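Visitor: This is start.pdb (PDB, C-alpha atoms).
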```pdb
ATOM      1  CA  MET E   1     153.184 101.338 109.730
ATOM      2  CA  THR E   2     149.869 100.623 108.142
ATOM      3  CA  LEU E   3     147.617 102.350 105.686
ATOM      4  CA  GLY E   4     145.370 105.051 107.098
ATOM      5  CA  ASN E   5     142.210 103.079 106.392
ATOM      6  CA  VAL E   6     143.369 100.072 108.470
ATOM      7  CA  HIS E   7     142.449 100.178 112.160
ATOM      8  CA  ASP E   8     145.262  99.337 114.609
ATOM      9  CA  SER E   9     143.302  96.479 116.161
ATOM     10  CA  GLN E  10     143.109  94.678 112.794
ATOM     11  CA  LYS E  11     146.891  94.185 112.874
ATOM     12  CA  ARG E  12     147.041  92.872 116.440
ATOM     13  CA  ASP E  13     147.798  89.268 115.491
ATOM     14  CA  THR E  14     150.678  90.293 113.208
ATOM     15  CA  LEU E  15     152.256  92.241 116.082
ATOM     16  CA  LEU E  16     152.155  89.391 118.599
ATOM     17  CA  LEU E  17     155.066  87.011 118.133
ATOM     18  CA  GLY E  18     154.117  84.637 120.933
ATOM     19  CA  ASP E  19     157.157  85.207 123.148
ATOM     20  CA  GLU E  20     155.822  88.328 124.885
ATOM     21  CA  THR E  21     155.419  88.124 128.639
ATOM     22  CA  VAL E  22     153.074  91.106 128.888
ATOM     23  CA  LEU E  23     151.100  93.292 126.475
ATOM     24  CA  TYR E  24     150.508  96.959 127.244
ATOM     25  CA  ALA E  25     148.073  98.444 124.748
ATOM     26  CA  ASP E  26     145.458 101.129 124.420
ATOM     27  CA  VAL E  27     141.689 100.780 124.424
ATOM     28  CA  SER E  28     141.468 100.026 120.691
ATOM     29  CA  TYR E  29     142.879  96.544 121.413
ATOM     30  CA  SER E  30     140.400  95.850 124.230
ATOM     31  CA  SER E  31     138.193  92.961 123.169
ATOM     32  CA  LYS E  32     137.212  89.466 124.188
ATOM     33  CA  GLN E  33     139.233  88.101 121.250
ATOM     34  CA  THR E  34     142.358  89.925 122.424
ATOM     35  CA  ARG E  35     141.989  88.558 125.959
ATOM     36  CA  GLU E  36     141.504  85.014 124.613
ATOM     37  CA  THR E  37     144.570  85.328 122.359
ATOM     38  CA  LEU E  38     146.703  86.590 125.240
ATOM     39  CA  ALA E  39     145.504  83.777 127.516
ATOM     40  CA  LYS E  40     146.352  81.213 124.837
ATOM     41  CA  LEU E  41     149.854  82.678 124.431
ATOM     42  CA  GLY E  42     150.395  82.907 128.197
ATOM     43  CA  THR E  43     150.870  86.677 127.939
ATOM     44  CA  GLU E  44     149.855  88.938 130.806
ATOM     45  CA  ASP E  45     146.949  91.191 129.811
ATOM     46  CA  GLN E  46     147.680  94.878 130.454
ATOM     47  CA  VAL E  47     145.358  96.196 127.768
ATOM     48  CA  GLN E  48     143.395  99.234 128.877
ATOM     49  CA  ARG E  49     139.717  98.539 129.441
ATOM     50  CA  LYS E  50     136.816 100.469 127.981
ATOM     51  CA  GLY E  51     133.353 100.986 129.310
ATOM     52  CA  SER E  52     130.271 101.053 127.158
ATOM     53  CA  ARG E  53     127.357 103.437 126.995
ATOM     54  CA  GLY E  54     125.418 103.286 130.243
ATOM     55  CA  LYS E  55     127.831 100.682 131.665
ATOM     56  CA  PRO E  56     130.994 102.327 133.050
ATOM     57  CA  LEU E  57     133.949 100.318 134.281
ATOM     58  CA  SER E  58     133.542  98.744 137.688
ATOM     59  CA  LYS E  59     136.063  99.434 140.451
ATOM     60  CA  GLY E  60     137.712  96.070 139.827
ATOM     61  CA  GLU E  61     138.243  96.937 136.180
ATOM     62  CA  ARG E  62     139.698 100.376 136.855
ATOM     63  CA  ILE E  63     143.284  99.419 136.156
ATOM     64  CA  ASN E  64     143.641 101.954 133.355
ATOM     65  CA  LYS E  65     145.538 104.451 135.520
ATOM     66  CA  GLU E  66     148.079 101.809 136.538
ATOM     67  CA  ILE E  67     148.551 100.691 132.936
ATOM     68  CA  ALA E  68     148.850 104.299 131.743
ATOM     69  CA  VAL E  69     151.927 104.891 133.912
ATOM     70  CA  THR E  70     153.871 102.163 132.087
ATOM     71  CA  ARG E  71     152.431 102.981 128.666
ATOM     72  CA  ALA E  72     153.495 106.627 128.997
ATOM     73  CA  GLY E  73     157.144 105.655 128.526
ATOM     74  CA  GLY E  74     156.351 103.977 125.224
ATOM     75  CA  GLU E  75     154.077 106.761 124.010
ATOM     76  CA  ARG E  76     156.492 109.598 124.830
ATOM     77  CA  PRO E  77     158.641 109.186 121.686
ATOM     78  CA  PHE E  78     155.544 109.428 119.489
ATOM     79  CA  ALA E  79     154.569 112.660 121.236
ATOM     80  CA  THR E  80     158.063 113.992 120.473
ATOM     81  CA  TYR E  81     157.784 113.025 116.807
ATOM     82  CA  LYS E  82     154.433 114.787 116.543
ATOM     83  CA  ARG E  83     155.321 117.893 118.544
ATOM     84  CA  ASP E  84     158.935 118.527 117.512
ATOM     85  CA  TYR E  85     159.205 116.979 114.050
ATOM     86  CA  GLY E  86     155.833 117.797 112.532
ATOM     87  CA  LEU E  87     154.641 114.204 112.232
ATOM     88  CA  ALA E  88     151.130 114.691 113.579
ATOM     89  CA  ARG E  89     149.964 114.097 110.011
ATOM     90  CA  THR E  90     151.603 112.350 107.106
ATOM     91  CA  ARG E  91     152.755 114.673 104.363
ATOM     92  CA  LEU E  92     153.777 112.197 101.703
ATOM     93  CA  MET E  93     151.994 109.536  99.673
ATOM     94  CA  GLY E  94     153.095 105.935 100.245
ATOM     95  CA  LEU E  95     154.216 103.834 103.191
ATOM     96  CA  ALA E  96     157.882 103.723 102.141
ATOM     97  CA  LYS E  97     158.257 107.507 102.040
ATOM     98  CA  ASN E  98     156.476 107.977 105.347
ATOM     99  CA  ALA E  99     158.479 105.164 106.959
ATOM    100  CA  THR E 100     161.689 106.908 105.836
ATOM    101  CA  ILE E 101     160.604 110.227 107.325
ATOM    102  CA  PHE E 102     159.549 108.497 110.546
ATOM    103  CA  GLY E 103     162.886 106.639 110.720
ATOM    104  CA  LEU E 104     164.808 109.894 110.286
ATOM    105  CA  ALA E 105     162.753 111.462 113.076
ATOM    106  CA  ALA E 106     163.549 108.487 115.344
ATOM    107  CA  MET E 107     167.279 108.828 114.593
ATOM    108  CA  THR E 108     167.149 112.569 115.247
ATOM    109  CA  ALA E 109     165.351 112.015 118.550
ATOM    110  CA  ASN E 110     167.967 109.436 119.605
ATOM    111  CA  ILE E 111     170.842 111.770 118.693
ATOM    112  CA  ARG E 112     169.154 114.564 120.632
ATOM    113  CA  LYS E 113     168.621 112.271 123.620
ATOM    114  CA  GLY E 114     172.271 111.162 123.464
ATOM    115  CA  THR E 115     173.427 114.764 123.357
ATOM    116  CA  GLN E 116     171.352 115.576 126.428
ATOM    117  CA  PHE E 117     172.879 112.569 128.199
ATOM    118  CA  LEU E 118     176.418 113.750 127.376
ATOM    119  CA  VAL E 119     175.679 117.261 128.600
ATOM    120  CA  LEU E 120     174.320 115.925 131.897
ATOM    121  CA  TYR E 121     176.794 113.097 132.571
ATOM    122  CA  GLY E 122     179.775 113.639 130.251
ATOM    123  CA  VAL E 123     181.586 111.047 128.201
ATOM    124  CA  PRO E 124     181.772 107.720 130.070
ATOM    125  CA  LYS E 125     185.279 106.633 131.019
ATOM    126  CA  ILE E 126     186.345 103.382 129.416
ATOM    127  CA  CYS E 127     188.594 101.374 131.696
ATOM    128  CA  SER E 128     190.530  98.396 130.418
ATOM    129  CA  MET E 129     190.298  95.120 132.257
ATOM    130  CA  GLY E 130     193.908  94.149 131.659
TER
END
```
Using structure tokens, write down the structure from this file.

Guide:
Amino acid sequence: MTLGNVHDSQKRDTLLLGDETVLYADVSYSSKQTRETLAKLGTEDQVQRKGSRGKPLSKGERINKEIAVTRAGGERPFATYKRDYGLARTRLMGLAKNATIFGLAAMTANIRKGTQFLVLYGVPKICSMG
């Protein structure tokens, strides 16, 4: 989590540890500096591309749809937090309080997902290897 007045792309270098094999990210991370950093780290670049005014993406650069398929799995939990748990906007002052609320929402979503799994597939049988 960051403060509201800090753009996501400003924290890019603190998010990259150097052992990533691929980076999937949205358009806000699309820059020459990002591509250079990823090349230096040996990380595959799957950052969505952006066109500029009067200069749309060329056919060769139109990989956004392919990237979006993979990114959707990572974005889905955030959509759940916003839609089901009222986290489209922060309601409290301070990072610690908002991080706590967000953590509780993540736990609730995982419990809900686990419950759905049990309803669909039942309790897994544990067999001993003895």

Visitor: Extract, using all atoms listed in the file, all DNA, RNA and protein residues at most 8 Å from Tyr29 of chain E, discarding same-chain residues fewer than 6 positions from it, and format them as a ChimeraX atom specification.

Guide: /E:8-9,12,47-48

Visitor: Name all residues at most 10 Å from Ala99 of chain E (count only C-alpha atoms; drop same-chain ones fewer than 5 positions away) and give them as a ChimeraX atom specification.

Guide: /E:1-2,90,92,94,104-105

Visitor: For the file shown, what are the residues hit by the PyMOL selection byres ((chain E and resi 63) around 12), laid out as a VMD selection string?

Guide: chain E and resid 24 27 45 to 50 57 to 62 64 to 70

Visitor: Looking at E:Gln10, E:Gly4, E:Ser30, E:Ala72, which one is nearest to Ser52 of chain E, with distances taken over all atoms listed in the file?

Guide: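 Nearest candidate to Ser52 of chain E out of E:Gln10, E:Gly4, E:Ser30, E:Ala72: E:Ser30.
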
Visitor: Looking at all atoms listed in the file, which of E:Glu44, E:Val123, E:Ala109, E:Val6 is the one that sits closest to Ala79 of chain E?

Guide: E:Ala109

Visitor: Quick one: apply the PyMOL selection byres ((chain E and resi 106) around 12) to the file and drop the selected residues here as a PyMOL selection string.

Guide: chain E and resi 76-82+84-85+87+99-105+107-113

Visitor: Using atom CA of Lys40 of chain E and atom CA of Thr14 of chain E as the two end points, give the distance in Å to one decimal.

Guide: 15.4 Å

Visitor: From the set E:Gly122, E:Val22, E:Asp13, E:Gly51, which residue has the shortest atom-to-atom contact distance to Thr37 of chain E, counting all atoms listed in the file?

Guide: E:Asp13

Visitor: For the atom pair atom CA of Leu41 of chain E and atom CA of Leu15 of chain E, what is the interatomic distance in Å to one decimal place?

Guide: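 Separation between atom CA of Leu41 of chain E and atom CA of Leu15 of chain E: 12.9 Å.
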
Visitor: Provide the atom CA of Gly74 of chain E to atom CA of Leu95 of chain E distance in Å, to one decimal place.

Guide: 22.1 Å
